[in-house]
>>> print(open('work_7.cif').read())   # mmCIF, C-alpha atoms
data_structure
#
loop_
_atom_site.label_atom_id
_atom_site.label_comp_id
_atom_site.auth_asym_id
_atom_site.auth_seq_id
_atom_site.Cartn_x
_atom_site.Cartn_y
_atom_site.Cartn_z
CA MET K 1 94.01 39.42 -68.30
CA GLU K 2 90.92 39.15 -70.41
CA GLU K 3 91.39 38.29 -74.05
CA LEU K 4 90.20 40.91 -76.50
CA VAL K 5 87.89 39.89 -79.24
CA GLU K 6 87.22 41.42 -82.53
CA ILE K 7 83.92 42.91 -83.23
CA ARG K 8 82.95 43.31 -86.77
CA ARG K 9 80.25 45.56 -87.99
CA PRO K 10 77.34 43.47 -89.15
CA THR K 11 76.62 43.36 -92.79
CA ALA K 12 73.34 42.78 -94.52
CA ASN K 13 74.04 39.06 -94.86
CA ASN K 14 75.84 38.39 -91.65
CA ALA K 15 75.85 39.55 -88.13
CA ILE K 16 78.60 38.42 -85.85
CA LEU K 17 78.75 39.12 -82.27
CA ARG K 18 81.57 37.65 -80.43
CA LEU K 19 81.62 37.97 -76.78
CA SER K 20 84.12 37.11 -74.23
CA GLU K 21 84.65 33.46 -73.35
CA GLY K 22 82.28 31.79 -70.84
CA ARG K 23 79.06 33.56 -72.05
CA THR K 24 76.37 31.87 -73.95
CA PRO K 25 74.88 33.71 -76.79
CA PRO K 26 71.12 34.25 -76.64
CA THR K 27 68.96 31.99 -78.73
CA ALA K 28 66.66 34.02 -80.91
CA ASN K 29 63.86 31.36 -81.31
CA ARG K 30 63.52 30.01 -77.63
CA GLN K 31 59.83 29.13 -76.67
CA PRO K 32 58.23 29.60 -73.16
CA PRO K 33 58.01 26.38 -71.04
CA THR K 34 54.85 24.21 -71.59
CA ARG K 35 51.92 23.87 -68.88
CA LYS K 36 50.41 20.52 -69.97
CA GLY K 37 50.99 18.85 -66.53
CA SER K 38 49.11 21.57 -64.63
CA ALA K 39 46.09 21.26 -66.94
CA LEU K 40 45.90 17.52 -66.35
CA VAL K 41 45.99 17.98 -62.60
CA PHE K 42 43.27 20.63 -62.78
CA ALA K 43 41.09 18.40 -64.98
CA LEU K 44 41.55 15.47 -62.61
CA ILE K 45 40.58 17.60 -59.59
CA LEU K 46 37.52 18.85 -61.45
CA VAL K 47 36.42 15.30 -62.37
CA VAL K 48 36.86 14.14 -58.77
CA ALA K 49 34.87 17.12 -57.47
CA ILE K 50 32.00 16.58 -59.93
CA THR K 51 31.95 12.84 -59.19
CA SER K 52 31.83 13.52 -55.45
CA VAL K 53 28.93 15.92 -55.94
CA LEU K 54 27.07 13.38 -58.08
CA LEU K 55 27.65 10.59 -55.57
CA ALA K 56 26.56 12.79 -52.68
CA THR K 57 23.43 13.81 -54.60
CA GLN K 58 22.67 10.17 -55.39
CA GLU K 59 23.16 9.17 -51.73
CA VAL K 60 20.84 11.95 -50.58
CA SER K 61 18.22 10.84 -53.11
CA MET K 62 18.52 7.19 -52.08
CA ALA K 63 18.36 8.14 -48.41
CA ALA K 64 15.17 10.09 -49.09
CA VAL K 65 13.67 7.09 -50.90
CA ARG K 66 14.66 4.74 -48.07
CA GLY K 67 13.25 7.16 -45.52
CA GLN K 68 9.96 7.36 -47.40
CA ARG K 69 9.76 3.58 -47.64
CA ASN K 70 10.54 3.18 -43.94
CA LEU K 71 7.89 5.77 -43.10
CA GLU K 72 5.29 3.99 -45.22
CA SER K 73 6.23 0.63 -43.68
CA SER K 74 6.06 2.09 -40.17
CA LEU K 75 2.65 3.66 -40.85
CA ARG K 76 1.34 0.43 -42.36
CA ALA K 77 2.46 -1.54 -39.28
CA ARG K 78 0.92 1.10 -37.02
CA TYR K 79 -2.46 0.92 -38.75
CA ILE K 80 -2.41 -2.88 -38.65
CA LYS K 81 -1.71 -2.78 -34.92
CA GLU K 82 -4.41 -0.18 -34.26
CA SER K 83 -6.94 -2.16 -36.28
CA CYS K 84 -6.20 -5.31 -34.27
CA VAL K 85 -6.47 -3.43 -30.99
CA ALA K 86 -9.78 -1.86 -32.02
CA TYR K 87 -11.12 -5.25 -33.10
CA TYR K 88 -10.31 -7.04 -29.84
CA MET K 89 -11.30 -4.10 -27.63
CA SER K 90 -14.70 -3.94 -29.32
CA LYS K 91 -15.22 -7.64 -28.66
CA PHE K 92 -14.03 -7.26 -25.08
CA LYS K 93 -16.34 -4.33 -24.38
CA ALA K 94 -19.26 -6.09 -26.01
CA GLY K 95 -18.77 -9.07 -23.72
CA THR K 96 -18.26 -11.44 -26.67
CA LEU K 97 -14.59 -12.19 -25.99
CA SER K 98 -13.78 -14.92 -23.51
CA LEU K 99 -10.41 -14.63 -21.78
CA PRO K 100 -7.94 -16.18 -22.27
CA THR K 101 -7.95 -16.93 -25.98
CA ALA K 102 -5.57 -17.44 -28.92
CA ASP K 103 -6.73 -16.13 -32.25
CA THR K 104 -5.72 -14.75 -35.65
CA VAL K 105 -7.19 -11.84 -37.56
CA THR K 106 -6.36 -10.65 -41.08
CA VAL K 107 -5.94 -6.92 -41.67
CA ASN K 108 -5.52 -5.85 -45.31
CA GLY K 109 -3.88 -9.14 -46.18
CA THR K 110 -1.62 -9.28 -43.11
CA VAL K 111 -2.27 -12.14 -40.70
CA CYS K 112 -1.92 -11.08 -37.07
CA THR K 113 -1.54 -13.57 -34.25
CA ALA K 114 -3.17 -12.45 -31.03
CA SER K 115 -3.47 -13.89 -27.57
CA THR K 116 -5.58 -12.36 -24.83
CA SER K 117 -5.48 -12.91 -21.10
CA ASP K 118 -6.95 -11.48 -17.93
CA PRO K 119 -4.48 -9.42 -15.83
CA GLY K 120 -7.18 -8.63 -13.27
CA ASN K 121 -9.17 -5.49 -12.49
CA ARG K 122 -11.53 -6.18 -15.38
CA GLN K 123 -8.85 -5.46 -17.95
CA MET K 124 -7.52 -7.31 -20.98
CA GLN K 125 -3.91 -8.07 -21.88
CA LEU K 126 -3.39 -8.33 -25.64
CA ASP K 127 -0.19 -9.75 -27.19
CA LEU K 128 0.12 -9.10 -30.94
CA SER K 129 2.65 -10.33 -33.49
CA PHE K 130 2.71 -9.99 -37.28
CA THR K 131 5.05 -9.55 -40.24
CA SER K 132 4.71 -6.60 -42.60
CA ASP K 133 7.11 -5.61 -45.42
CA GLN K 134 9.49 -8.38 -44.35
CA LYS K 135 9.72 -6.91 -40.85
CA SER K 136 8.47 -8.65 -37.73
CA TYR K 137 6.53 -6.75 -35.09
CA SER K 138 5.34 -7.75 -31.65
CA GLN K 139 3.73 -5.73 -28.91
CA ARG K 140 1.91 -6.16 -25.61
CA LEU K 141 -0.99 -3.86 -24.79
CA PHE K 142 -3.46 -3.52 -21.95
CA GLY K 143 -7.09 -2.65 -22.56
CA GLY K 144 -8.75 -0.25 -20.17
CA GLN K 145 -11.69 -1.18 -18.01
CA ARG K 146 -14.99 -1.83 -19.65
CA ILE K 147 -17.41 1.03 -19.86
CA ASP K 148 -19.33 1.64 -16.65
CA SER K 149 -21.29 -1.49 -15.98
CA SER K 150 -25.04 -1.56 -16.05
CA PRO K 151 -27.31 -4.47 -15.15
CA TRP K 152 -28.54 -4.30 -18.74
CA PHE K 153 -25.11 -5.25 -20.06
CA TYR K 154 -25.40 -8.82 -18.72
CA SER K 155 -27.44 -11.74 -19.89
CA LEU K 156 -28.45 -12.21 -16.24
CA PHE K 157 -28.18 -9.70 -13.40
CA VAL K 158 -29.26 -10.77 -9.91
CA GLY K 159 -29.23 -7.99 -7.32
CA SER K 160 -29.40 -10.36 -4.36
CA ASN K 161 -29.25 -14.15 -4.60
CA MET K 162 -30.39 -17.16 -6.63
CA VAL K 163 -32.09 -20.38 -5.62
CA LEU K 164 -31.59 -23.11 -8.22
CA THR K 165 -33.44 -26.38 -8.14
CA SER K 166 -32.79 -26.90 -11.85
CA ASN K 167 -29.86 -26.10 -14.10
CA LEU K 168 -29.39 -22.60 -15.50
CA THR K 169 -27.41 -21.81 -18.65
CA THR K 170 -26.52 -18.40 -20.03
CA GLY K 171 -25.23 -17.75 -23.53
CA ALA K 172 -24.00 -20.33 -25.99
CA ALA K 173 -20.75 -21.34 -27.69
CA GLY K 174 -18.71 -19.41 -25.16
CA VAL K 175 -20.30 -15.98 -25.71
CA ASN K 176 -23.29 -13.80 -24.79
CA GLY K 177 -23.60 -15.31 -21.33
CA ASP K 178 -22.07 -12.82 -18.88
CA VAL K 179 -23.60 -13.02 -15.39
CA TYR K 180 -23.54 -10.75 -12.36
CA ILE K 181 -24.71 -12.07 -8.97
CA GLN K 182 -24.60 -9.93 -5.87
CA ASN K 183 -24.53 -12.99 -3.62
CA ALA K 184 -22.84 -15.83 -5.47
CA VAL K 185 -23.76 -18.56 -2.97
CA LEU K 186 -26.12 -20.85 -4.86
CA ALA K 187 -28.87 -22.50 -2.87
CA GLY K 188 -30.70 -25.65 -3.86
CA GLY K 189 -29.53 -29.22 -4.43
CA ILE K 190 -26.55 -30.00 -6.63
CA THR K 191 -27.71 -27.99 -9.62
CA ARG K 192 -25.30 -25.58 -11.21
CA LEU K 193 -24.96 -22.48 -13.35
CA THR K 194 -23.27 -22.84 -16.75
CA ALA K 195 -22.14 -19.46 -18.07
CA ASN K 196 -20.91 -19.03 -21.62
CA GLY K 197 -19.06 -15.87 -20.69
CA ASP K 198 -17.86 -14.26 -17.49
CA VAL K 199 -19.27 -14.48 -13.98
CA GLU K 200 -18.83 -11.51 -11.64
CA SER K 201 -19.67 -11.15 -7.99
CA PRO K 202 -18.50 -9.07 -5.02
CA THR K 203 -18.44 -12.35 -3.05
CA ALA K 204 -16.59 -15.64 -3.45
CA ILE K 205 -17.70 -17.90 -6.31
CA SER K 206 -17.75 -21.64 -5.69
CA ALA K 207 -16.14 -23.54 -8.53
CA ALA K 208 -18.14 -26.63 -7.58
CA ARG K 209 -21.40 -24.93 -8.54
CA TYR K 210 -20.26 -22.95 -11.59
CA THR K 211 -19.08 -23.86 -15.07
CA VAL K 212 -17.62 -20.72 -16.64
CA SER K 213 -16.20 -20.52 -20.16
CA GLY K 214 -14.82 -17.03 -19.63
CA THR K 215 -13.36 -15.38 -16.56
CA THR K 216 -14.54 -15.79 -12.99
CA TRP K 217 -14.27 -12.48 -11.15
CA PRO K 218 -14.83 -12.81 -7.41
CA SER K 219 -14.53 -9.61 -5.38
CA ALA K 220 -15.67 -7.65 -8.43
CA PRO K 221 -16.82 -4.06 -7.87
CA ALA K 222 -20.40 -4.05 -6.64
CA ILE K 223 -22.98 -2.80 -9.11
CA PRO K 224 -25.95 -1.11 -7.43
CA ALA K 225 -29.29 -2.77 -8.12
CA LEU K 226 -31.78 -0.73 -10.12
CA SER K 227 -35.30 0.21 -9.12
CA ALA K 228 -38.33 1.03 -11.24
CA SER K 229 -41.06 3.23 -9.77
CA HIS K 230 -44.54 3.90 -11.10
CA THR K 231 -44.05 7.59 -10.28
CA ASP K 232 -41.58 7.77 -13.16
CA TYR K 233 -43.80 5.97 -15.66
CA ASN K 234 -47.34 7.24 -14.98
CA ASN K 235 -46.64 10.80 -16.04
CA ALA K 236 -46.88 10.44 -19.79
CA PRO K 237 -47.95 6.94 -20.90
CA ASP K 238 -49.21 6.44 -24.42
CA VAL K 239 -51.72 3.79 -23.32
CA THR K 240 -53.00 3.13 -19.78
CA PHE K 241 -54.75 0.06 -18.39
CA ASN K 242 -56.19 0.85 -14.97
CA SER K 243 -57.31 -2.69 -14.07
CA ASN K 244 -55.80 -6.13 -14.48
CA VAL K 245 -55.15 -6.69 -18.16
CA THR K 246 -54.38 -9.68 -20.41
CA LEU K 247 -52.53 -9.05 -23.66
CA SER K 248 -52.30 -11.57 -26.48
CA GLY K 249 -49.74 -9.43 -28.25
CA TYR K 250 -49.28 -5.80 -29.24
CA THR K 251 -48.33 -3.58 -32.18
CA PHE K 252 -46.33 -0.54 -31.12
CA GLY K 253 -46.48 2.63 -33.14
CA GLY K 254 -43.49 4.88 -33.74
CA GLY K 255 -41.65 6.77 -31.03
CA TYR K 256 -41.13 3.92 -28.54
CA PRO K 257 -44.59 4.09 -26.94
CA LEU K 258 -45.07 3.41 -23.23
CA ILE K 259 -47.87 1.05 -22.14
CA TYR K 260 -48.76 1.61 -18.47
CA CYS K 261 -50.47 -1.16 -16.51
CA ASN K 262 -51.79 0.10 -13.20
CA LYS K 263 -52.33 -3.43 -11.82
CA ASP K 264 -51.36 -6.95 -12.94
CA LEU K 265 -50.38 -7.90 -16.49
CA THR K 266 -50.91 -11.35 -17.99
CA LEU K 267 -49.45 -12.31 -21.36
CA ASN K 268 -51.55 -15.14 -22.81
CA ASN K 269 -52.70 -16.02 -26.29
CA GLY K 270 -53.90 -19.56 -25.71
CA LEU K 271 -52.01 -22.02 -27.87
CA ASN K 272 -50.70 -19.26 -30.12
CA PRO K 273 -47.57 -17.18 -29.54
CA ILE K 274 -47.75 -13.72 -28.01
CA VAL K 275 -46.34 -11.48 -30.76
CA PHE K 276 -44.97 -7.95 -30.33
CA ARG K 277 -44.48 -5.79 -33.39
CA GLY K 278 -42.36 -2.62 -33.42
CA LYS K 279 -40.41 -1.13 -30.53
CA GLY K 280 -41.96 -0.26 -27.18
CA VAL K 281 -41.99 -0.66 -23.41
CA ILE K 282 -44.57 -2.05 -21.00
CA PHE K 283 -44.54 -0.94 -17.36
CA VAL K 284 -46.41 -3.04 -14.79
CA LYS K 285 -47.17 -1.51 -11.39
CA LYS K 286 -48.05 -4.85 -9.73
CA ASP K 287 -47.07 -8.36 -10.98
CA ALA K 288 -46.53 -9.81 -14.45
CA HIS K 289 -47.49 -13.37 -15.49
CA ILE K 290 -46.12 -14.82 -18.72
CA GLN K 291 -48.26 -17.73 -19.91
CA GLY K 292 -47.08 -18.59 -23.40
CA ASN K 293 -44.33 -18.12 -25.92
CA VAL K 294 -43.31 -14.48 -26.48
CA GLN K 295 -42.19 -13.70 -30.02
CA LEU K 296 -41.04 -10.63 -31.94
CA PHE K 297 -42.59 -9.88 -35.30
CA ASP K 298 -39.26 -9.24 -37.06
CA ALA K 299 -35.63 -8.32 -36.47
CA ASN K 300 -36.55 -4.66 -35.99
CA SER K 301 -39.02 -5.41 -33.20
CA LYS K 302 -38.00 -5.09 -29.54
CA VAL K 303 -39.96 -5.10 -26.29
CA ALA K 304 -38.95 -4.23 -22.73
CA ILE K 305 -41.20 -5.39 -19.89
CA ILE K 306 -40.53 -3.51 -16.63
CA VAL K 307 -42.25 -4.81 -13.52
CA GLN K 308 -42.40 -3.04 -10.19
CA GLY K 309 -43.66 -6.19 -8.44
CA ASP K 310 -42.78 -9.81 -9.22
CA LEU K 311 -42.29 -11.51 -12.59
CA SER K 312 -43.09 -15.16 -13.29
CA PHE K 313 -42.46 -17.33 -16.35
CA GLU K 314 -45.35 -19.72 -15.83
CA SER K 315 -45.86 -21.56 -19.10
CA GLY K 316 -44.54 -21.59 -22.60
CA SER K 317 -40.97 -22.45 -23.48
CA SER K 318 -39.59 -19.54 -25.50
CA TYR K 319 -39.44 -15.83 -24.66
CA ASN K 320 -37.95 -12.91 -26.58
CA GLY K 321 -37.52 -9.55 -24.88
CA PHE K 322 -35.81 -7.64 -22.11
CA PHE K 323 -37.29 -8.38 -18.67
CA PHE K 324 -36.86 -6.36 -15.48
CA THR K 325 -38.36 -6.74 -12.01
CA ASN K 326 -37.80 -4.96 -8.70
CA GLY K 327 -38.77 -8.17 -6.91
CA ASN K 328 -38.56 -11.88 -7.61
CA ALA K 329 -38.23 -13.56 -10.98
CA THR K 330 -39.54 -17.13 -10.84
CA VAL K 331 -39.21 -19.81 -13.50
CA TRP K 332 -42.03 -22.20 -12.78
CA ALA K 333 -41.71 -25.96 -12.98
CA GLY K 334 -43.21 -27.77 -15.94
CA GLY K 335 -40.70 -28.10 -18.78
CA ALA K 336 -37.59 -26.33 -20.00
CA LYS K 337 -37.86 -22.60 -20.61
CA ALA K 338 -35.60 -20.10 -22.34
CA ILE K 339 -35.15 -16.41 -23.08
CA ASN K 340 -33.93 -16.90 -26.62
CA SER K 341 -33.02 -13.26 -27.23
CA GLY K 342 -32.90 -10.62 -24.53
CA SER K 343 -31.85 -10.45 -20.88
CA LEU K 344 -33.16 -10.72 -17.33
CA VAL K 345 -32.56 -8.17 -14.55
CA CYS K 346 -34.03 -9.07 -11.16
CA ASN K 347 -33.50 -8.77 -7.44
CA ARG K 348 -33.85 -12.51 -6.67
CA LEU K 349 -34.13 -15.49 -9.00
CA PHE K 350 -35.85 -18.81 -8.37
CA VAL K 351 -35.30 -21.50 -11.03
CA LEU K 352 -37.67 -24.46 -10.66
CA SER K 353 -37.17 -25.93 -14.14
CA THR K 354 -34.32 -25.96 -16.65
CA PHE K 355 -33.79 -22.40 -17.81
CA SER K 356 -31.48 -20.67 -20.30
CA ILE K 357 -30.84 -17.10 -21.41
CA GLN K 358 -29.26 -15.98 -24.69
CA HIS K 359 -28.15 -12.38 -24.32
CA ASP K 360 -29.11 -9.78 -26.90
CA THR K 361 -26.32 -7.15 -26.61
CA TYR K 362 -28.57 -4.48 -28.11
CA PHE K 363 -28.31 -2.01 -25.22
CA TRP K 364 -24.58 -2.62 -24.80
CA ASP K 365 -24.00 -1.89 -28.47
CA THR K 366 -26.36 1.12 -28.57
CA PRO K 367 -26.78 2.67 -25.09
CA SER K 368 -28.85 5.49 -26.59
CA GLU K 369 -31.59 2.95 -27.24
CA ALA K 370 -31.72 2.20 -23.52
CA VAL K 371 -32.92 5.78 -23.04
CA ASN K 372 -35.53 5.39 -25.77
CA PHE K 373 -36.83 2.25 -24.09
CA LYS K 374 -36.98 4.07 -20.74
CA LEU K 375 -34.91 1.45 -18.97
CA PRO K 376 -34.18 1.89 -15.24
CA GLY K 377 -30.68 3.24 -14.86
CA PHE K 378 -30.86 5.13 -18.16
CA TRP K 379 -34.20 6.91 -17.73
CA PRO K 380 -35.58 9.24 -16.53
#
>>> encode(input="work_7.cif", output="structure tokens")
Amino acid sequence: MEELVEIRRPTANNAILRLSEGRTPPTANRQPPTRKGSALVFALILVVAITSVLLATQEVSMAAVRGQRNLESSLRARYIKESCVAYYMSKFKAGTLSLPTADTVTVNGTVCTASTSDPGNRQMQLDLSFTSDQKSYSQRLFGGQRIDSSPWFYSLFVGSNMVLTSNLTTGAAGVNGDVYIQNAVLAGGITRLTANGDVESPTAISAARYTVSGTTWPSAPAIPALSASHTDYNNAPDVTFNSNVTLSGYTFGGGYPLIYCNKDLTLNNGLNPIVFRGKGVIFVKKDAHIQGNVQLFDANSKVAIIVQGDLSFESGSSYNGFFFTNGNATVWAGGAKAINSGSLVCNRLFVLSTFSIQHDTYFWDTPSEAVNFKLPGFWP
């Protein structure tokens, strides 16, 4: 049975409330529970989130910087490679690069090591290696075939065969001496051909008779021989000589003038050199006889002598110019002779005294000039 308690009416100074046993009286000043732990957790989560965002942003920025640096490094290496390829291909096409070779070339401060070799089919294999931005690069490339060959791209082009009774040398120091011979069998004694460059022929090339600093290409694609006809040149000559003529020299005007000789031409100036000034072409319907040294007035002077008949180097020792004949080219006996700057294109060659040819690559470098000079194969 529950115990009764006394309840007194509260007074102004006292208020008593007595309840039954087992009940707790309410506390008048109790405060709500604190939330300090939740705030700390929230702040920690917020700091972690902001830090993660900052780190991610920094990583993205650094990745962008690294990507830009890698792109710049890759582009720099690419341009170095392309510059090297362009350099060696230009030398190869100009006929001034003897294969094989080991070489170095510097591109914008980067030293590139290059080795070239001949893989056949008139191509070039180029192996490059260099270091750029602390990265090493190496690559093997193959150069395409040379531009379509023309007899004018060689120091010596022989459309048939050669008869050597004296030594013949083309080029010097390993360059500017490329030779094409339709029939590579050399007749005459034990004399030989020394080529500072390549030797090409559709037939076999006897190593016993050739000294070649570059590449020997037997079974090379045949290059058709050229032919010059008076019917192409007598239409619009600038000057015409209807009878046999002897020239001691000539000054060409502008526009690559054509001098037409209807019969024989003799170049002779006694003991003095035969000097040509300016740029021009001489066509000879019959035969041409060179009897003295042929010189050019300056570096801007060029002469092409195109002969429908035969061409003979009879006297003198030094000739400068581009010489062409449909027939025979004969180097007479009587002392060493040389084409010091130019080339010789002929059907047959007879060498009776020591002879040399130093190729001027003018028409290889600027084929448009071959048209201006009215060269067979380029004009008409």
>>> residues_around(input="work_7.cif", residues="Glu200 of chain K", least_positions_apart="5", cutoff="9 Å", atoms="all atoms listed in the file", output="list in words")
Asp178, Val179, Tyr180, Ile181, Gln182, Ala184, Ile205, Thr215, Thr216, Trp217, Pro218, Ser219, Ala220 and Pro221 of chain K
>>> atom_distance(input="work_7.cif", atom1="atom CA of Met162 of chain K", atom2="atom CA of Ala187 of chain K")
6.7 Å
>>> residues_around(input="work_7.cif", residues="Ser353 of chain K", least_positions_apart="6", cutoff="6 Å", atoms="only C-alpha atoms", output="list of chain:residue names")
K:Ser166, K:Ala333, K:Ala336
>>> resolve_selection(input="work_7.cif", expression="the PyMOL selection byres ((chain K and resi 238-251) around 7)", output="list in words")
Ala236, Pro237, Phe252, Gly253, Pro257, Leu258, Ile259, Tyr260, Cys261, Asn262, Lys263, Asp264, Leu265, Thr266, Leu267, Asn268, Asn269, Ile274, Val275, Phe276, Arg277 and Gly278 of chain K
>>> closest_residue(input="work_7.cif", among="K:Gly327, K:Pro202, K:Gly188, K:Gly254", to="Ser301 of chain K", atoms="only C-alpha atoms")
K:Gly254
>>> atom_distance(input="work_7.cif", atom1="atom CA of Asp365 of chain K", atom2="atom CA of Phe324 of chain K")
18.8 Å
>>> residues_around(input="work_7.cif", residues="Val281 of chain K", least_positions_apart="6", cutoff="8 Å", atoms="only C-alpha atoms", output="ChimeraX atom specification")
/K:256-259,303-306,373-374
>>> resolve_selection(input="work_7.cif", expression="the PyMOL selection byres ((chain K and resi 229-232) around 8)", output="ChimeraX atom specification")
/K:227-228,233-235,283,285,308,380
>>> decode(input="work_7.cif", residues="segment 328-346 of chain K", atoms="N, CA, C and O atoms", output="compact mmCIF listing (two decimals), in the first residue's frame")
# COMPACT_ATOMS: atom_id res chain seq x y z
N ASN K 328 81.55 10.86 -130.93
CA ASN K 328 82.73 10.50 -130.13
C ASN K 328 83.31 11.73 -129.46
O ASN K 328 83.37 12.82 -130.04
N ALA K 329 83.77 11.53 -128.23
CA ALA K 329 84.59 12.52 -127.55
C ALA K 329 85.99 11.93 -127.45
O ALA K 329 86.17 10.82 -126.92
N THR K 330 86.98 12.66 -127.97
CA THR K 330 88.35 12.14 -127.99
C THR K 330 89.27 13.10 -127.27
O THR K 330 89.27 14.32 -127.54
N VAL K 331 90.05 12.56 -126.33
CA VAL K 331 91.08 13.33 -125.64
C VAL K 331 92.40 12.97 -126.30
O VAL K 331 92.91 11.85 -126.13
N TRP K 332 92.94 13.91 -127.05
CA TRP K 332 94.13 13.64 -127.83
C TRP K 332 95.35 13.45 -126.93
O TRP K 332 95.41 13.96 -125.81
N ALA K 333 96.34 12.75 -127.47
CA ALA K 333 97.61 12.59 -126.77
C ALA K 333 98.36 13.92 -126.77
O ALA K 333 98.07 14.82 -127.57
N GLY K 334 99.33 14.02 -125.85
CA GLY K 334 100.12 15.25 -125.82
C GLY K 334 100.02 16.01 -124.53
O GLY K 334 99.96 17.24 -124.54
N GLY K 335 100.00 15.34 -123.39
CA GLY K 335 99.97 16.03 -122.10
C GLY K 335 98.63 15.86 -121.40
O GLY K 335 97.58 15.63 -122.04
N ALA K 336 98.67 15.95 -120.08
CA ALA K 336 97.47 15.78 -119.27
C ALA K 336 96.45 16.88 -119.56
O ALA K 336 96.81 18.04 -119.80
N LYS K 337 95.19 16.50 -119.53
CA LYS K 337 94.11 17.44 -119.80
C LYS K 337 93.02 17.26 -118.74
O LYS K 337 92.88 16.18 -118.16
N ALA K 338 92.24 18.33 -118.52
CA ALA K 338 91.24 18.26 -117.45
C ALA K 338 90.08 19.21 -117.73
O ALA K 338 90.29 20.34 -118.17
N ILE K 339 88.86 18.72 -117.47
CA ILE K 339 87.70 19.61 -117.34
C ILE K 339 87.65 19.98 -115.87
O ILE K 339 87.27 19.18 -115.01
N ASN K 340 88.05 21.20 -115.57
CA ASN K 340 88.18 21.61 -114.17
C ASN K 340 86.85 21.93 -113.51
O ASN K 340 86.73 21.86 -112.28
N SER K 341 85.87 22.30 -114.30
CA SER K 341 84.54 22.60 -113.76
C SER K 341 83.53 22.40 -114.88
O SER K 341 83.53 23.16 -115.85
N GLY K 342 82.68 21.39 -114.73
CA GLY K 342 81.70 21.12 -115.77
C GLY K 342 81.36 19.65 -115.82
O GLY K 342 81.34 18.96 -114.79
N SER K 343 81.10 19.12 -117.02
CA SER K 343 80.81 17.71 -117.19
C SER K 343 80.95 17.35 -118.66
O SER K 343 81.04 18.23 -119.53
N LEU K 344 80.94 16.04 -118.93
CA LEU K 344 81.06 15.55 -120.30
C LEU K 344 80.00 14.48 -120.53
O LEU K 344 79.93 13.50 -119.78
N VAL K 345 79.17 14.69 -121.56
CA VAL K 345 78.15 13.73 -121.98
C VAL K 345 78.47 13.34 -123.42
O VAL K 345 78.53 14.21 -124.30
N CYS K 346 78.70 12.04 -123.66
CA CYS K 346 79.08 11.60 -125.00
C CYS K 346 78.54 10.21 -125.27
O CYS K 346 78.08 9.52 -124.35
